[in-house]
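One file, my_file.txt, is given below (compact mmCIF, C-alpha atoms).
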# COMPACT_ATOMS: atom_id res chain seq x y z
CA MET A 50 -58.68 101.91 18.60
CA ALA A 51 -57.46 99.77 21.44
CA ILE A 52 -56.64 96.21 20.51
CA ASN A 53 -55.47 94.46 23.61
CA PRO A 54 -55.64 90.65 23.36
CA MET A 55 -56.06 90.47 27.13
CA GLU A 56 -59.02 92.81 27.19
CA GLN A 57 -61.43 89.95 26.44
CA PHE A 58 -60.57 88.35 29.78
CA ALA A 59 -61.38 91.43 31.86
CA VAL A 60 -64.12 90.99 34.43
CA LYS A 61 -66.42 94.01 34.42
CA PRO A 62 -69.20 94.59 36.96
CA ILE A 63 -72.70 94.97 35.58
CA VAL A 64 -74.69 95.16 38.82
CA PRO A 65 -72.61 96.07 41.89
CA LEU A 66 -73.42 93.78 44.80
CA HIS A 67 -71.89 93.28 48.22
CA ILE A 68 -72.33 90.59 50.84
CA GLY A 69 -70.61 91.67 54.04
CA HIS A 70 -67.40 93.24 52.89
CA TYR A 71 -67.10 90.91 49.91
CA ASP A 72 -67.63 92.31 46.43
CA VAL A 73 -69.91 89.77 44.71
CA SER A 74 -71.02 92.08 41.91
CA PHE A 75 -72.90 90.54 39.01
CA THR A 76 -70.27 90.82 36.27
CA ASN A 77 -70.00 89.95 32.61
CA GLN A 78 -68.44 86.69 33.80
CA SER A 79 -71.45 85.99 36.05
CA LEU A 80 -73.70 86.78 33.10
CA TRP A 81 -71.90 84.27 30.91
CA MET A 82 -71.99 81.60 33.59
CA CYS A 83 -75.75 82.16 33.73
CA ILE A 84 -75.91 81.90 29.93
CA VAL A 85 -73.88 78.68 30.01
CA VAL A 86 -76.06 77.13 32.70
CA GLY A 87 -79.22 78.39 30.98
CA ALA A 88 -78.13 76.92 27.66
CA ILE A 89 -77.34 73.54 29.24
CA THR A 90 -80.65 73.57 31.12
CA LEU A 91 -82.56 74.35 27.93
CA PHE A 92 -80.59 71.79 25.97
CA MET A 93 -81.00 69.01 28.53
CA THR A 94 -84.64 69.63 29.40
CA MET A 95 -86.31 70.95 26.23
CA ALA A 96 -84.59 68.45 23.96
CA THR A 97 -85.62 65.54 26.15
CA SER A 98 -89.12 66.76 27.04
CA ARG A 99 -90.84 64.63 24.40
CA ARG A 100 -89.10 61.46 25.57
CA ALA A 101 -89.50 60.08 22.06
CA LEU A 102 -88.50 56.47 21.51
CA VAL A 103 -87.07 57.52 18.17
CA PRO A 104 -85.21 60.64 19.22
CA SER A 105 -84.98 63.92 17.35
CA ARG A 106 -81.52 65.31 16.65
CA MET A 107 -81.49 67.46 19.77
CA GLN A 108 -82.80 64.67 21.98
CA SER A 109 -80.22 62.34 20.47
CA MET A 110 -77.44 64.83 21.27
CA ALA A 111 -78.63 65.15 24.85
CA GLU A 112 -78.78 61.37 25.18
CA ILE A 113 -75.34 60.97 23.60
CA SER A 114 -73.88 63.49 26.09
CA TYR A 115 -75.50 61.57 28.92
CA GLU A 116 -74.28 58.17 27.77
CA PHE A 117 -70.84 59.53 26.91
CA VAL A 118 -70.31 60.77 30.45
CA ALA A 119 -72.01 57.72 32.00
CA ASN A 120 -69.65 55.41 30.10
CA MET A 121 -66.72 57.60 31.06
CA VAL A 122 -67.58 57.45 34.76
CA GLY A 123 -68.39 53.73 34.68
CA GLY A 124 -65.22 52.93 32.76
CA ALA A 125 -62.78 55.07 34.72
CA ALA A 126 -64.26 54.92 38.22
CA GLY A 127 -66.08 51.58 38.15
CA GLU A 128 -69.66 50.68 39.02
CA ASP A 129 -69.58 52.29 42.45
CA GLY A 130 -68.16 55.42 40.83
CA LEU A 131 -71.54 55.93 39.14
CA ARG A 132 -72.72 57.56 42.37
CA PHE A 133 -70.65 60.54 41.29
CA PHE A 134 -72.18 60.63 37.81
CA PRO A 135 -74.37 63.74 38.38
CA PHE A 136 -71.35 65.59 39.71
CA VAL A 137 -69.05 64.63 36.81
CA PHE A 138 -71.87 65.26 34.33
CA THR A 139 -72.36 68.77 35.73
CA ILE A 140 -68.64 69.55 35.51
CA PHE A 141 -68.32 68.14 31.99
CA MET A 142 -71.35 69.99 30.63
CA PHE A 143 -70.37 73.23 32.34
CA VAL A 144 -66.80 73.16 31.02
CA LEU A 145 -67.90 72.01 27.56
CA PHE A 146 -70.53 74.73 27.15
CA SER A 147 -68.23 77.39 28.63
CA ASN A 148 -65.53 76.44 26.16
CA PHE A 149 -67.87 76.32 23.17
CA LEU A 150 -69.84 79.46 23.97
CA GLY A 151 -66.56 81.24 24.68
CA LEU A 152 -65.67 80.75 21.01
CA LEU A 153 -68.54 82.99 19.93
CA PRO A 154 -67.17 86.37 18.89
CA GLY A 155 -67.74 88.96 21.60
CA SER A 156 -68.51 86.39 24.28
CA PHE A 157 -66.74 85.82 27.56
CA THR A 158 -64.93 82.55 28.24
CA VAL A 159 -65.72 81.52 31.79
CA THR A 160 -63.05 78.81 31.83
CA SER A 161 -60.33 81.28 30.89
CA GLN A 162 -60.40 82.54 34.48
CA ILE A 163 -57.89 80.74 36.69
CA ILE A 164 -60.05 81.21 39.77
CA VAL A 165 -62.97 79.44 38.11
CA THR A 166 -60.95 76.41 37.02
CA PHE A 167 -59.07 76.35 40.33
CA THR A 168 -62.29 76.43 42.35
CA MET A 169 -63.64 73.50 40.34
CA ALA A 170 -60.37 71.56 40.59
CA GLY A 171 -60.14 72.30 44.31
CA PHE A 172 -63.68 71.05 44.78
CA VAL A 173 -62.85 67.85 42.87
CA ILE A 174 -59.79 67.16 45.00
CA ALA A 175 -61.68 67.99 48.20
CA MET A 176 -64.32 65.51 47.18
CA VAL A 177 -61.67 62.88 46.40
CA VAL A 178 -60.13 63.36 49.85
CA VAL A 179 -63.49 63.23 51.63
CA THR A 180 -64.61 60.18 49.65
CA GLY A 181 -61.29 58.44 50.28
CA PHE A 182 -61.40 58.97 54.04
CA LEU A 183 -65.09 58.06 54.25
CA LYS A 184 -64.54 54.84 52.36
CA HIS A 185 -61.17 53.70 53.73
CA GLY A 186 -60.72 55.74 56.91
CA ILE A 187 -57.06 56.27 57.71
CA GLY A 188 -56.25 53.52 55.19
CA PHE A 189 -56.74 56.12 52.47
CA LEU A 190 -53.21 57.28 53.26
CA LYS A 191 -51.99 54.02 51.67
CA LEU A 192 -52.59 55.90 48.41
CA PHE A 193 -49.25 57.58 49.08
CA VAL A 194 -47.41 54.32 49.75
CA PRO A 195 -46.81 52.31 46.55
CA LYS A 196 -45.58 48.70 46.73
CA ALA A 197 -41.81 49.11 46.84
CA PRO A 198 -38.77 48.32 49.05
CA PHE A 199 -38.51 50.43 52.18
CA LEU A 200 -35.52 52.47 51.04
CA LEU A 201 -37.31 53.44 47.84
CA LEU A 202 -40.37 54.42 49.84
CA LEU A 203 -38.34 57.16 51.51
CA LEU A 204 -38.10 58.66 48.05
CA LEU A 205 -41.47 57.61 46.63
CA VAL A 206 -43.79 58.71 49.41
CA PRO A 207 -42.82 62.40 49.22
CA ILE A 208 -43.16 62.22 45.43
CA GLU A 209 -46.63 60.70 45.73
CA VAL A 210 -47.67 63.33 48.29
CA ILE A 211 -46.40 66.19 46.17
CA SER A 212 -48.00 64.82 43.02
CA PHE A 213 -51.30 64.48 44.85
CA PHE A 214 -51.26 68.04 46.11
CA THR A 215 -50.23 69.49 42.77
CA ARG A 216 -53.26 67.86 41.14
CA PRO A 217 -55.64 70.79 41.69
CA ILE A 218 -53.01 73.07 40.18
CA SER A 219 -52.32 70.92 37.11
CA LEU A 220 -56.01 70.24 36.64
CA SER A 221 -56.98 73.92 36.77
CA VAL A 222 -53.99 75.39 34.94
CA ARG A 223 -54.35 72.91 32.06
CA LEU A 224 -57.88 74.07 31.28
CA PHE A 225 -57.25 77.72 32.04
CA ALA A 226 -54.06 77.93 29.96
CA ASN A 227 -55.58 76.15 27.00
CA MET A 228 -58.54 78.50 26.89
CA LEU A 229 -56.48 81.61 27.53
CA ALA A 230 -53.84 80.76 24.92
CA GLY A 231 -56.35 79.86 22.24
CA HIS A 232 -58.40 83.00 22.68
CA THR A 233 -55.34 85.22 22.90
CA LEU A 234 -54.03 83.72 19.69
CA LEU A 235 -57.35 84.36 17.95
CA LYS A 236 -57.36 87.96 19.15
CA VAL A 237 -53.76 88.55 18.08
CA PHE A 238 -54.43 87.28 14.57
CA ALA A 239 -57.64 89.30 14.45
CA SER A 240 -55.68 92.42 15.29
CA PHE A 241 -53.30 91.60 12.42
CA VAL A 242 -56.27 91.44 10.07
CA ILE A 243 -57.45 94.87 11.16
CA ALA A 244 -53.97 96.38 11.11
CA LEU A 245 -53.20 95.01 7.63
CA GLY A 246 -56.65 95.81 6.32
CA GLY A 247 -56.10 99.49 7.03
CA ALA A 248 -52.62 99.55 5.56
CA GLY A 249 -53.47 100.65 2.00
CA LEU A 250 -51.47 98.63 -0.51
CA LEU A 251 -50.78 95.87 1.99
CA ALA A 252 -54.52 95.30 2.58
CA PRO A 253 -54.78 92.07 0.48
CA LEU A 254 -52.21 90.50 2.82
CA ALA A 255 -54.88 90.59 5.54
CA ALA A 256 -56.29 87.41 3.98
CA ALA A 257 -53.42 85.37 5.43
CA PRO A 258 -54.16 85.98 9.15
CA MET A 259 -57.87 85.75 8.31
CA PHE A 260 -57.33 82.25 6.95
CA LEU A 261 -55.30 81.40 10.04
CA ILE A 262 -58.15 82.55 12.29
CA VAL A 263 -60.49 80.14 10.53
CA ALA A 264 -58.01 77.29 10.93
CA ILE A 265 -57.29 78.10 14.58
CA THR A 266 -61.01 78.37 15.31
CA ALA A 267 -61.45 74.84 14.02
CA LEU A 268 -58.56 73.73 16.22
CA GLU A 269 -60.06 75.56 19.18
CA LEU A 270 -63.34 73.69 18.71
CA LEU A 271 -61.37 70.48 19.14
CA VAL A 272 -59.49 71.88 22.13
CA ALA A 273 -62.77 73.05 23.68
CA PHE A 274 -64.16 69.52 23.62
CA LEU A 275 -60.88 67.86 24.50
CA GLN A 276 -60.25 69.98 27.58
CA ALA A 277 -63.76 69.36 28.88
CA TYR A 278 -63.16 65.64 28.33
CA VAL A 279 -59.74 65.72 30.00
CA PHE A 280 -61.11 67.60 33.00
CA ALA A 281 -63.96 65.12 33.39
CA ILE A 282 -61.89 61.96 32.84
CA LEU A 283 -59.22 63.11 35.31
CA THR A 284 -61.97 63.75 37.82
CA CYS A 285 -63.14 60.17 37.27
CA ILE A 286 -59.60 58.79 37.61
CA TYR A 287 -59.01 60.66 40.86
CA LEU A 288 -62.35 59.43 42.19
CA ASN A 289 -61.40 55.90 41.16
CA GLU A 290 -58.23 56.16 43.24
CA ALA A 291 -60.20 57.41 46.19
CA LEU A 292 -62.67 54.52 45.84
CA HIS A 293 -60.29 51.70 45.04
CA LEU A 294 -56.85 53.01 46.10
CA HIS A 295 -54.29 51.25 43.91
CA ASP A 296 -56.31 48.06 43.39
CA HIS A 297 -57.49 48.83 39.92
CA HIS A 298 -54.15 49.60 38.37
CA MET B 18 -51.34 98.52 21.57
CA MET B 19 -52.27 102.12 22.14
CA ALA B 20 -54.08 101.74 25.45
CA GLU B 21 -52.69 100.40 28.67
CA GLY B 22 -54.24 97.08 29.65
CA ALA B 23 -55.10 98.43 33.07
CA THR B 24 -57.39 101.17 31.78
CA THR B 25 -59.59 98.72 29.89
CA THR B 26 -60.27 96.30 32.69
CA GLY B 27 -63.03 98.38 34.17
CA THR B 28 -62.84 97.15 37.74
CA GLU B 29 -62.99 99.96 40.26
CA ALA B 30 -59.54 99.58 41.72
CA PRO B 31 -57.20 98.09 39.14
CA SER B 32 -54.34 96.40 40.95
CA GLY B 33 -50.77 96.37 39.76
CA ALA B 34 -50.70 93.48 37.26
CA GLY B 35 -52.34 94.08 33.87
CA PHE B 36 -53.32 90.46 33.40
CA PRO B 37 -57.09 90.22 33.99
CA PRO B 38 -57.31 86.57 35.15
CA PHE B 39 -54.87 87.35 37.97
CA LYS B 40 -56.76 90.37 39.30
CA THR B 41 -57.74 89.14 42.73
CA GLU B 42 -60.39 91.77 43.44
CA SER B 43 -62.89 89.97 41.18
CA PHE B 44 -62.25 86.56 42.79
CA PRO B 45 -64.99 86.68 45.47
CA SER B 46 -67.59 87.55 42.84
CA GLN B 47 -66.34 84.83 40.48
CA ILE B 48 -66.34 82.12 43.14
CA PHE B 49 -69.73 83.23 44.43
CA TRP B 50 -71.42 83.14 41.03
CA LEU B 51 -69.62 79.97 40.02
CA VAL B 52 -70.96 78.18 43.09
CA VAL B 53 -74.47 79.56 42.54
CA THR B 54 -74.66 78.62 38.84
CA MET B 55 -72.98 75.23 39.26
CA ALA B 56 -75.26 74.36 42.17
CA PHE B 57 -78.28 75.25 40.04
CA LEU B 58 -76.95 73.21 37.12
CA PHE B 59 -76.17 70.29 39.41
CA VAL B 60 -79.73 70.22 40.73
CA VAL B 61 -81.17 70.48 37.20
CA LEU B 62 -79.03 67.62 35.88
CA TRP B 63 -79.28 65.50 39.01
CA ARG B 64 -82.99 65.83 39.70
CA PHE B 65 -84.63 66.57 36.33
CA ALA B 66 -82.68 66.09 33.12
CA GLY B 67 -80.61 63.11 34.25
CA PRO B 68 -83.45 60.88 35.48
CA ARG B 69 -85.54 61.80 32.45
CA ILE B 70 -82.83 60.85 29.96
CA LYS B 71 -82.09 57.72 31.97
CA GLY B 72 -85.79 56.83 31.86
CA THR B 73 -85.98 57.36 28.11
CA LEU B 74 -82.85 55.29 27.49
CA GLU B 75 -84.07 52.46 29.69
CA GLU B 76 -87.51 52.53 28.11
CA ARG B 77 -85.94 52.32 24.66
CA ARG B 78 -83.58 49.55 25.71
CA GLY B 79 -86.49 47.67 27.28
CA MET B 80 -88.62 48.04 24.18
CA ILE B 81 -85.84 46.86 21.88
CA GLN B 82 -85.24 43.91 24.21
CA LYS B 83 -88.95 43.09 24.20
CA GLU B 84 -89.17 43.33 20.41
CA ILE B 85 -86.20 41.02 20.03
CA GLU B 86 -87.81 38.56 22.42
CA THR B 87 -91.09 38.72 20.50
CA ALA B 88 -89.24 38.11 17.26
CA GLN B 89 -87.43 35.12 18.75
CA GLU B 90 -90.71 33.79 20.12
CA ASN B 91 -92.28 34.11 16.68
CA ARG B 92 -89.39 32.33 15.09
CA ARG B 93 -89.67 29.53 17.61
CA LYS B 94 -93.38 29.26 16.79
CA ALA B 95 -92.71 29.20 13.05
CA GLU B 96 -90.15 26.45 13.54
CA ALA B 97 -92.61 24.46 15.64
CA ALA B 98 -95.29 24.91 12.95
CA THR B 99 -92.87 23.70 10.29
CA VAL B 100 -92.12 20.63 12.36
CA ALA B 101 -95.84 20.08 13.00
CA TYR B 102 -96.50 20.30 9.27
CA GLU B 103 -93.62 18.11 8.19
CA THR B 104 -93.95 15.36 10.77
CA PRO B 105 -97.31 13.92 9.50
CA LEU B 106 -96.06 14.30 5.97
CA PHE B 107 -92.95 12.34 6.82
CA GLU B 108 -94.96 9.74 8.74
CA ALA B 109 -97.42 9.34 5.89
CA ARG B 110 -94.58 8.88 3.47
CA GLU B 111 -93.05 6.27 5.75
CA ARG B 112 -96.34 4.44 6.05
CA ALA B 113 -96.82 4.52 2.30
CA ARG B 114 -93.39 3.05 1.82
CA ALA B 115 -94.09 0.34 4.41
CA ILE B 116 -97.37 -0.58 2.73
CA ASN B 117 -95.68 -0.59 -0.62
CA ASP B 118 -92.90 -2.87 0.66
CA GLN B 119 -95.39 -5.15 2.30
CA TYR B 120 -97.42 -5.58 -0.89
CA ARG B 121 -94.36 -6.07 -2.98
CA GLU B 122 -93.18 -8.79 -0.60
CA ARG B 123 -96.54 -10.46 -0.61
CA ALA B 124 -96.70 -10.33 -4.41
CA ALA B 125 -93.22 -11.80 -4.64
CA GLU B 126 -94.25 -14.57 -2.25
CA ASP B 127 -97.37 -15.28 -4.32
CA VAL B 128 -95.33 -15.43 -7.47
CA LYS B 129 -92.87 -17.80 -5.83
CA LYS B 130 -95.66 -19.98 -4.51
CA ALA B 131 -97.39 -20.06 -7.90
CA GLU B 132 -94.08 -20.93 -9.59
CA ALA B 133 -93.47 -23.73 -7.12
CA GLN B 134 -97.01 -25.00 -7.66
CA ALA B 135 -96.59 -24.87 -11.42
CA ASP B 136 -93.23 -26.62 -11.19
CA ALA B 137 -94.70 -29.35 -9.03
CA ASN B 138 -97.63 -29.79 -11.41
CA ALA B 139 -95.39 -29.97 -14.38
CA GLU B 140 -93.11 -32.50 -12.69
CA ARG B 141 -96.01 -34.65 -11.71
CA ALA B 142 -97.46 -34.51 -15.22
CA THR B 143 -94.05 -35.41 -16.67
CA ALA B 144 -93.67 -38.32 -14.28
CA ASP B 145 -97.21 -39.57 -15.11
CA ALA B 146 -96.54 -39.30 -18.78
CA GLU B 147 -93.23 -41.09 -18.50
CA ALA B 148 -94.79 -43.87 -16.43
CA ARG B 149 -97.58 -44.29 -18.95
CA LEU B 150 -95.09 -44.29 -21.76
CA ALA B 151 -93.04 -46.98 -20.05
CA ARG B 152 -96.12 -49.06 -19.46
CA ILE B 153 -97.25 -48.70 -23.02
CA ARG B 154 -93.79 -49.55 -24.24
CA ALA B 155 -93.71 -52.65 -22.03
CA GLU B 156 -97.16 -53.64 -23.21
CA ALA B 157 -96.17 -53.04 -26.80
CA LYS B 158 -93.11 -55.17 -26.27
CA THR B 159 -95.19 -58.11 -24.99
CA HIS B 160 -97.72 -57.68 -27.79
CA ILE B 161 -94.99 -57.67 -30.34
CA ALA B 162 -93.45 -60.78 -28.81
CA GLY B 163 -96.88 -62.54 -28.86
CA ALA B 164 -97.52 -61.53 -32.44
CA ALA B 165 -94.00 -62.54 -33.48
CA LYS B 166 -94.42 -65.95 -31.76
CA ASP B 167 -97.79 -66.53 -33.56
CA ALA B 168 -96.29 -65.32 -36.79
CA ALA B 169 -93.25 -67.59 -36.28
CA ILE B 170 -95.49 -70.64 -35.62
CA GLU B 171 -97.60 -69.82 -38.70
CA ILE B 172 -94.57 -69.20 -40.90
CA VAL B 173 -92.88 -72.44 -39.76
CA SER B 174 -96.08 -74.49 -40.32
CA ARG B 175 -96.56 -73.02 -43.76
CA LEU B 176 -93.02 -73.55 -44.79
CA THR B 177 -92.40 -76.92 -43.21
CA GLY B 178 -95.83 -78.21 -42.35
CA GLU B 179 -94.52 -78.81 -38.90
CA ARG B 180 -96.01 -77.54 -35.87
CA ILE B 181 -93.57 -75.93 -33.41
CA SER B 182 -94.43 -75.52 -29.83
CA ASP B 183 -95.15 -72.20 -28.24
CA ALA B 184 -92.08 -72.44 -26.06
CA GLU B 185 -89.79 -72.97 -29.04
CA ALA B 186 -91.30 -70.05 -30.87
CA GLU B 187 -91.02 -67.90 -27.89
CA ALA B 188 -87.37 -68.70 -27.33
CA ALA B 189 -86.68 -68.04 -31.00
CA VAL B 190 -88.41 -64.66 -30.80
CA ARG B 191 -86.48 -63.74 -27.68
CA ALA B 192 -83.27 -64.73 -29.37
CA ALA B 193 -84.16 -62.58 -32.37
CA GLN B 194 -85.10 -59.63 -30.17
CA GLU B 195 -81.89 -59.87 -28.26
CA ALA B 196 -79.75 -60.02 -31.33

Show me this structure written as structure tokens.
Amino acid sequence: MAINPMEQFAVKPIVPLHIGHYDVSFTNQSLWMCIVVGAITLFMTMATSRRALVPSRMQSMAEISYEFVANMVGGAAGEDGLRFFPFVFTIFMFVLFSNFLGLLPGSFTVTSQIIVTFTMAGFVIAMVVVTGFLKHGIGFLKLFVPKAPFLLLLLLVPIEVISFFTRPISLSVRLFANMLAGHTLLKVFASFVIALGGAGLLAPLAAAPMFLIVAITALELLVAFLQAYVFAILTCIYLNEALHLHDHH
Amino acid sequence: MMAEGATTTGTEAPSGAGFPPFKTESFPSQIFWLVVTMAFLFVVLWRFAGPRIKGTLEERRGMIQKEIETAQENRRKAEAATVAYETPLFEARERARAINDQYRERAAEDVKKAEAQADANAERATADAEARLARIRAEAKTHIAGAAKDAAIEIVSRLTGERISDAEAEAAVRAAQEA
């Protein structure tokens, strides 16, 4: 029996598909993205379809998600940042559901793929840059010039530029690494359970890694939410900088 | 770890590294489907779910606001009704007290007037009585003097056989009275 903790991250084609000379096959990862989006769509539309004044539990959860993100955007990016609410809401819900559904045994974690998180982070930064230039024109470049004596600026401006351009990397790697590490850890401990369980006299010892899996799963639930939150709030903070430069600090 | 990672990754042409997330041959497919699904989700949340939830939340907030306003309106009305009920009561009580005071004052005045009247009457009666008494006493005094003079004349004539004049008798009586 092959127990490779990395095997769960493998992308396997289900329906081969090509556009031009690009391989855009429908894979297990595509399937799980569809499941994630389908689950969110069901959750956000079915639960709210009755529009009850006294909400059911599901409707309440949908409303809480909405208000949570709306408060996040309004608080971190200001009133004019609320224009970006649908965008931030989409990212938050997508990451949150990917992280949560990825915890189901046998599922595929969409956010454990660096290219997925990097594409999202790249899109966020691209939007920040476009918004910044649209709003402030060339003045957006003042973002890289903090208030400091000229000699210090020689040092600070390159630092600001580098930190800005490493944002998509930090943003994507943070989410990707968290998901990857957590799931790998779960798989490693699971393999211990199986290995010990088949080891005759040592079999009762399998309870120890089993208990650890339960504990780590609980931790991973927290991480799943936290990383979705971090991704969304950083998006808001970057958008705030694009909208208000350094005014709001 | 019996199998090589590369043999389990299933993609047609496994590249060198055995770490699935870094296998670049699946990247076009991942990006493509990510964009497709996210775009779909964005439209759903932006056009359908978002506005609906927003509508529900605003409706609820509006209703709560309206209910609170109705409650405040009702309280204002209740307070006005209390005032409307208590004001006439208060006024009536005030009027009753005023009437009461007025009558008490008038009664006191009457009593005072009656007392004054009675005092005056009594004084007058006393004065009358005293005057009459004085007159009677004066009269009595003259009568006594007359009688004493007659008696003195009589007594003197009986004792001495002499007749004394009225003036002498009178002077003698006065002398006796003054002694």

Could you produce a table of the residues of chain A lying within 8 Å of chain B, with the nearest pair of atoms per residue and their separation in Å rounded to one decimal, using only C-alpha atoms, ordered by chain and increasing residue number, as a Markdown table?
| residue | atom | partner | partner_atom | distance |
| --- | --- | --- | --- | --- |
| A:Met50 | CA | B:Met19 | CA | 7.3 |
| A:Ala51 | CA | B:Ala20 | CA | 5.6 |
| A:Ile52 | CA | B:Met18 | CA | 5.9 |
| A:Asn53 | CA | B:Met18 | CA | 6.1 |
| A:Met55 | CA | B:Phe36 | CA | 6.8 |
| A:Glu56 | CA | B:Thr25 | CA | 6.5 |
| A:Phe58 | CA | B:Pro37 | CA | 5.8 |
| A:Ala59 | CA | B:Pro37 | CA | 4.9 |
| A:Val60 | CA | B:Thr26 | CA | 6.8 |
| A:Lys61 | CA | B:Gly27 | CA | 5.5 |
| A:Pro62 | CA | B:Thr28 | CA | 6.9 |
| A:Tyr71 | CA | B:Pro45 | CA | 6.5 |
| A:Asp72 | CA | B:Ser46 | CA | 6.0 |
| A:Val73 | CA | B:Ser46 | CA | 3.7 |
| A:Ser74 | CA | B:Ser46 | CA | 5.8 |
| A:Phe75 | CA | B:Ser46 | CA | 7.2 |
| A:Thr76 | CA | B:Ser46 | CA | 7.8 |
| A:Gln78 | CA | B:Gln47 | CA | 7.2 |
| A:Ser79 | CA | B:Trp50 | CA | 5.7 |
| A:Met82 | CA | B:Thr54 | CA | 6.6 |
| A:Cys83 | CA | B:Thr54 | CA | 6.3 |
| A:Val86 | CA | B:Leu58 | CA | 6.0 |
| A:Ile89 | CA | B:Leu58 | CA | 7.9 |
| A:Thr90 | CA | B:Val61 | CA | 6.8 |
| A:Met93 | CA | B:Ala66 | CA | 5.7 |
| A:Thr94 | CA | B:Ala66 | CA | 5.5 |
| A:Thr97 | CA | B:Ile70 | CA | 6.7 |
| A:Arg100 | CA | B:Thr73 | CA | 5.7 |
| A:Ala101 | CA | B:Thr73 | CA | 7.5 |
| A:Leu102 | CA | B:Arg77 | CA | 5.8 |
| A:Ala111 | CA | B:Ile70 | CA | 7.9 |
| A:Glu112 | CA | B:Ile70 | CA | 6.3 |
| A:Tyr115 | CA | B:Ile70 | CA | 7.4 |
| A:Pro135 | CA | B:Trp63 | CA | 5.3 |
| A:Phe136 | CA | B:Phe59 | CA | 6.7 |
| A:Phe138 | CA | B:Leu62 | CA | 7.7 |
| A:Thr139 | CA | B:Phe59 | CA | 5.5 |
| A:Phe143 | CA | B:Met55 | CA | 7.7 |
| A:Ser161 | CA | B:Pro38 | CA | 7.4 |
| A:Gln162 | CA | B:Pro38 | CA | 5.1 |
| A:Ile163 | CA | B:Pro38 | CA | 6.1 |
| A:Ile164 | CA | B:Phe44 | CA | 6.5 |
| A:Val165 | CA | B:Ile48 | CA | 6.6 |
| A:Thr168 | CA | B:Ile48 | CA | 7.0 |

| message | Using all atoms listed in the file, which protein or nucleic acid residues come within 12 Å of A:Leu203? Drop anything in the same chain fewer than 6 positions from it, and give the result as JSON, numbers by chain. | response | {"A": [193, 194, 195, 197, 209, 210]}

| field | Long-range neighbours of B:Lys166 as a list in words, 12 Å cut-off, all atoms listed in the file, 5 positions minimum in chain | value |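 Those residues are Thr159, His160, Ile161, Glu171, Ile172, Val173, Ile181, Ser182, Asp183, Ala184, Glu185, Ala186, Glu187, Ala188, Ala189, Val190, Arg191, Ala192, Ala193 and Gln194 of chain B.
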
| task | Mind checking which residues fall within 10 Å of A:Leu190, counting only C-alpha atoms, ignoring those fewer than 5 positions away in the same chain, and posting them as an NGL selection string? | result | :A and (178 or 181-182 or 185 or 210 or 291 or 294)

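Nearest to A:Val122 of all the residues A:Ile262, A:Val103, A:Leu292, A:Thr284 is A:Thr284, counting only C-alpha atoms.
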
| query | What is the atom CA of A:Asn289 to atom CA of A:Met169 distance in Å? | reply |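 These two atoms are separated by 17.8 Å.
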
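Taking atom CA of A:Met259 and atom CA of A:Leu145 as the two end points, the separation is 25.7 Å.
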
| request: Provide the atom CA of A:Ala277 to atom CA of A:Ser98 distance in Å, to one decimal place. | output: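 Atom CA of A:Ser98 lies 25.6 Å from atom CA of A:Ala277.
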
| field | Long-range neighbours of stretch 214-226 of chain A as a ChimeraX atom specification, 7 Å cut-off, only C-alpha atoms, 6 positions minimum in chain | value | /A:160-163,166-167,170-171,174,276,280

Filtering to C-alpha atoms, could you give me those residues as a short mmCIF file (atom, residue, chain, number, x, y, z; two decimals), keeping the file's coordinate frame?
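Contents of out36.cif, as written:
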data_model
loop_
_atom_site.label_atom_id
_atom_site.label_comp_id
_atom_site.auth_asym_id
_atom_site.auth_seq_id
_atom_site.Cartn_x
_atom_site.Cartn_y
_atom_site.Cartn_z
CA THR A 160 -63.05 78.81 31.83
CA SER A 161 -60.33 81.28 30.89
CA GLN A 162 -60.40 82.54 34.48
CA ILE A 163 -57.89 80.74 36.69
CA THR A 166 -60.95 76.41 37.02
CA PHE A 167 -59.07 76.35 40.33
CA ALA A 170 -60.37 71.56 40.59
CA GLY A 171 -60.14 72.30 44.31
CA ILE A 174 -59.79 67.16 45.00
CA GLN A 276 -60.25 69.98 27.58
CA PHE A 280 -61.11 67.60 33.00
#

| A:Pro54 surroundings by all atoms listed in the file, 9 Å radius, close-in-sequence under 4 positions cut, as an MDAnalysis selection string | chainID A and resid 58 232:237 240
